[in-house]
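Remarks on the structure that follows.
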Amino acid sequence: MNRLAILALFLTMIGVAASQQSESPATAPATSQQEPAAVPAANPGNLVLTWSEIEKNIWQKAKPYIDLAPPEIEKQVPELDHVSWAASQDELPSILAGVGAQCVNLLKRTPNVIADERVETHSAQFVRHERYNYLVLVSHTQEGSTLKEYRSDPRGTPVPESAGSAAQGFASMWTRFFPGNQSESRFRYLGTQKLEKQEVAVVAFAQIPDKVKAPAEFAVGRRRISILFQGIAWIDPQSWRVLRLREDLLAPRPDAQLTRFTARAQYGQVKLKKAQAAMQVEMTLWLPQEADLSWTLGAREDKERHVYSNYRLYATKSKIVF
């Protein structure tokens with residue numbers, strides 16, 4: 001049986017201008033759990049993605065739910081069954097501006113953190129329970145900023161892609177709304193919805209094939225295919241933070257027998273204390289709390305659940321080698 005790996009689905013390299021203005025950032029996928037391929041943020045126009053004829057045909061036939069009538073969207077995304085549908089798109093620009101600015105702020109303030117991760121995998125052949133250390137490492141340079149994610153076992157030994165869950169990128173899914181990344185997607189304001197007694201804004205998006213510089217990858221055995229996403233974001237209109245995200249395939253990949261893939265992530269406030277100038281300063285971060293994946297590959301239907309807890313600051317003098 002081929003080992004299924006979900007590789008670098010959301011891992012992004014984000015260029016952030018020193019002035020925090022909306023410059024177009026560069027994005028680059030990680031081809032392994034080592035360093036992602038870096039592209040200078042100052043000149044992302046040099047990066048040209050060439051689709052194969054098969055892929056071009058797939059994207060041309062895509063029918064994203066962003067273009068459907070509300071009843072049809074509800075059929076594909078049951079979570080939207082109680083949305084108060086918007087009559088116009090007048091509020092969309094202010095929503096994108098607000099959540100974009102919050103993305104910049106969150107990335108700027110996010111330190112290196114580590115958490116406890118529980119992963120439960122369900123397949124037709126097995127049910128597997130695993131525990132990991134989940135690391136989110138942030139690097140800020142003149143070229144931009146990177147969010148990278150790693151796993152290690154409870155003893156601190158790095159976990160390679162070939163062992164355990166290879167899904168990653170939940171900490172950076174919200175960077176779809178980063179100002180320089182917004183040009184890679186189309187957006188639609190769907191309306192408002194009650195989410196745990198709070199009224200939130202609901203926005204749909206769909207990636208634009210010709211605009212995406214660094215598509216996600218899905219790997220089966222040694223083969224990797226590029227995939228594009230559409231999705232729904234539930235956004236707090238007061239703080240402009242993304243509360244929940246759902247992402248689905250923009251179009252199935254029948255050439256690889258990948259007919260369905262859905263990722264759901266829920267985010268929440270995490271408070272940590274950091275020593276600064278002989279004082280303990282409290283930091284408020286926004287990090288994933290749980291994530292669920294499900295996919296259909298040929299006749300197989302699999303799913304994974306990731307739960308995160310006990311976040312704390314991460315600092316080491318040792319170099320992590322994966």
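Each chain in the structure tokens gets a letter, A, B, ..., in the order shown, and its residues are numbered from 1; ligands are numbered from 1 in order too.
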
Determine, counting only C-alpha atoms, which protein, DNA and RNA residues have an atom within 9 Å of an atom of Ala124 in chain A; residues of the same chain fewer than 2 positions away are not included. Present the result as a JSON list (two decimals) with N, CA and C atoms, in the first residue's frame.
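Dumped to part.json:
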[["chain", "number", "residue", "atom", "x", "y", "z"],
["A", 122, "HIS", "N", -8.00, 8.03, 10.63],
["A", 122, "HIS", "CA", -8.96, 6.96, 10.34],
["A", 122, "HIS", "C", -8.85, 6.57, 8.87],
["A", 126, "PHE", "N", -6.99, 1.00, 9.05],
["A", 126, "PHE", "CA", -6.49, 1.16, 10.41],
["A", 126, "PHE", "C", -7.05, 2.43, 11.05],
["A", 127, "VAL", "N", -6.91, 2.50, 12.37],
["A", 127, "VAL", "CA", -7.12, 3.72, 13.14],
["A", 127, "VAL", "C", -5.84, 3.93, 13.94],
["A", 300, "ARG", "N", -10.70, 4.95, -1.62],
["A", 300, "ARG", "CA", -10.39, 5.15, -0.21],
["A", 300, "ARG", "C", -10.91, 6.48, 0.30],
["A", 301, "GLU", "N", -11.46, 6.44, 1.48],
["A", 301, "GLU", "CA", -11.87, 7.66, 2.17],
["A", 301, "GLU", "C", -11.16, 7.68, 3.53],
["A", 302, "ASP", "N", -10.34, 8.69, 3.74],
["A", 302, "ASP", "CA", -9.56, 8.79, 4.97],
["A", 302, "ASP", "C", -9.82, 10.13, 5.64]]

What's the 10 Å shell around Phe177 in chain A, counting only C-alpha atoms, without same-chain residues fewer than 3 positions away, as a ChimeraX atom specification?
/A:96-104,173-174,180-185,187,205,233,242

Atom pair CA of Gln238 in chain A + CA of Leu190 in chain A, distance 17.4 Å

Please provide the set of residues having any atom within 7 Å of range 288-294 of chain A, restricted to only C-alpha atoms, with same-chain residues fewer than 3 positions apart removed, written as a PyMOL selection string.
chain A and resi 170-171+261-268+302-308

Here CA of Lys56 in chain A and CA of Asp255 in chain A stand apart by 12.4 Å

Give me, please, the distance in Å between CA of Gln193 in chain A and CA of Val83 in chain A, quoted to one decimal.
4.7 Å

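Nearest to Asp236 in chain A of all the residues A:His82, A:Arg253, A:Lys197, A:Arg186 is A:Lys197, based on only C-alpha atoms.
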
My list of candidates is A:Phe229, A:Trp234, A:Trp240, A:Tyr311. Which is closest to Val270 in chain A when distances are computed with only C-alpha atoms?
A:Tyr311

Closest pair table for range 155-226 of chain A residues within 12 Å of range 243-249 of chain A, only C-alpha atoms, as CSV:
residue,atom,partner,partner_atom,distance
A:Phe170,CA,A:Leu245,CA,9.7
A:Ala171,CA,A:Leu245,CA,11.2
A:Ser172,CA,A:Leu245,CA,11.0
A:Met173,CA,A:Leu245,CA,7.7
A:Trp174,CA,A:Leu245,CA,7.6
A:Thr175,CA,A:Leu245,CA,11.1
A:Arg176,CA,A:Leu245,CA,10.3
A:Phe177,CA,A:Leu245,CA,11.2
A:Leu195,CA,A:Leu243,CA,9.2
A:Glu196,CA,A:Leu243,CA,10.8
A:Gln198,CA,A:Leu243,CA,10.8
A:Glu199,CA,A:Leu243,CA,11.4
A:Val200,CA,A:Leu243,CA,8.8
A:Ala201,CA,A:Leu243,CA,10.0
A:Val202,CA,A:Arg244,CA,9.7
A:Val203,CA,A:Leu245,CA,9.8
A:Ala204,CA,A:Arg246,CA,9.4
A:Phe205,CA,A:Glu247,CA,9.1
A:Ala206,CA,A:Glu247,CA,9.3
A:Gln207,CA,A:Leu249,CA,9.8
A:Pro215,CA,A:Leu249,CA,11.6
A:Ala216,CA,A:Leu249,CA,10.5
A:Glu217,CA,A:Leu249,CA,11.5
A:Phe218,CA,A:Leu249,CA,11.0
A:Ser226,CA,A:Leu249,CA,10.6

Tell me which of A:Thr110, A:Gln142, A:Thr157, A:Ser94 sits closest to Pro237 in chain A, counting only C-alpha atoms.
A:Ser94

Taking the DSSP assignment computed from this structure's backbone, write out as number ranges by chain all residues of range 86-311 of chain A that belong to strand (DSSP E or B).
A: 113-122, 127-140, 145-152, 158, 185-195, 198-207, 216-220, 223-227, 229-235, 242-249, 253, 258-276, 279-297, 300-311

Apply DSSP to the backbone of this structure and, from range 52-280 of chain A, keep only the residues in alpha helix (DSSP H); write these as number ranges by chain.
A: 53-60, 70-76, 92-109

List the spatial neighbours of Met283 in chain A as a PyMOL selection string - criterion: any atom at most 8 Å away, only C-alpha atoms, same-chain residues fewer than 6 positions off excluded.
chain A and resi 271-274

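If you count only C-alpha atoms and ignore residues fewer than 4 places along the chain from Ala299 in chain A, what sits within 10 Å of it is Ala124, Gln257, Leu258 and Thr259 of chain A.
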
Write out as a VMD selection string each polymer residue whose atoms come within 12 Å of Asn112 in chain A, counting only C-alpha atoms; drop sequence neighbours fewer than 4 positions from it.
chain A and resid 107 to 108 134 to 140 146 to 150 171 272 274 285 287 311 to 316

Go ahead and save the picked residues with N, CA and C atoms, as a tab-separated table (two decimals), in the first residue's frame.
chain	number	residue	atom	x	y	z
A	107	LEU	N	1.32	38.22	12.14
A	107	LEU	CA	2.59	37.64	11.71
A	107	LEU	C	3.76	38.37	12.37
A	108	LYS	N	3.65	39.68	12.47
A	108	LYS	CA	4.73	40.47	13.06
A	108	LYS	C	4.95	40.10	14.53
A	134	TYR	N	4.56	19.97	18.28
A	134	TYR	CA	4.23	20.74	17.07
A	134	TYR	C	4.91	22.10	17.18
A	135	LEU	N	5.83	22.38	16.27
A	135	LEU	CA	6.62	23.61	16.31
A	135	LEU	C	6.20	24.55	15.19
A	136	VAL	N	6.02	25.81	15.54
A	136	VAL	CA	5.80	26.88	14.57
A	136	VAL	C	6.97	27.84	14.72
A	137	LEU	N	7.81	27.90	13.69
A	137	LEU	CA	9.00	28.74	13.73
A	137	LEU	C	8.83	29.90	12.76
A	138	VAL	N	9.08	31.10	13.25
A	138	VAL	CA	8.90	32.31	12.47
A	138	VAL	C	10.25	32.96	12.25
A	139	SER	N	10.51	33.36	11.03
A	139	SER	CA	11.77	34.02	10.69
A	139	SER	C	11.46	35.32	9.96
A	140	HIS	N	12.05	36.42	10.44
A	140	HIS	CA	11.85	37.73	9.82
A	140	HIS	C	13.18	38.21	9.23
A	146	THR	N	8.82	34.16	7.16
A	146	THR	CA	8.39	32.81	6.88
A	146	THR	C	7.78	32.19	8.12
A	147	LEU	N	6.73	31.42	7.90
A	147	LEU	CA	6.12	30.58	8.92
A	147	LEU	C	6.40	29.14	8.52
A	148	LYS	N	7.14	28.42	9.34
A	148	LYS	CA	7.45	27.03	9.02
A	148	LYS	C	6.98	26.14	10.17
A	149	GLU	N	6.52	24.97	9.82
A	149	GLU	CA	6.00	24.05	10.82
A	149	GLU	C	6.77	22.73	10.78
A	150	TYR	N	7.01	22.18	11.95
A	150	TYR	CA	7.74	20.93	12.08
A	150	TYR	C	7.06	20.06	13.13
A	171	ALA	N	-1.12	26.63	10.89
A	171	ALA	CA	-0.84	27.92	11.52
A	171	ALA	C	-0.84	29.06	10.52
A	272	LEU	N	0.62	33.87	26.31
A	272	LEU	CA	1.91	33.39	26.81
A	272	LEU	C	2.65	34.54	27.47
A	274	LYS	N	6.36	36.33	28.26
A	274	LYS	CA	7.71	36.44	27.74
A	274	LYS	C	8.53	37.38	28.62
A	285	LEU	N	-1.61	35.68	21.34
A	285	LEU	CA	-1.38	35.14	20.01
A	285	LEU	C	-2.66	34.52	19.47
A	287	LEU	N	-3.65	31.20	17.30
A	287	LEU	CA	-3.05	29.96	16.81
A	287	LEU	C	-4.10	28.87	16.64
A	311	TYR	N	0.35	25.38	24.46
A	311	TYR	CA	1.30	26.21	23.72
A	311	TYR	C	2.27	26.88	24.69
A	312	ARG	N	3.53	26.96	24.29
A	312	ARG	CA	4.53	27.70	25.07
A	312	ARG	C	5.60	28.21	24.12
A	313	LEU	N	6.35	29.19	24.60
A	313	LEU	CA	7.42	29.76	23.78
A	313	LEU	C	8.48	28.71	23.54
A	314	TYR	N	9.07	28.76	22.36
A	314	TYR	CA	10.10	27.78	22.01
A	314	TYR	C	11.41	28.51	21.74
A	315	ALA	N	12.45	28.08	22.39
A	315	ALA	CA	13.77	28.66	22.18
A	315	ALA	C	14.81	27.57	22.39
A	316	THR	N	15.77	27.51	21.48
A	316	THR	CA	16.84	26.52	21.60
A	316	THR	C	18.09	27.06	20.93
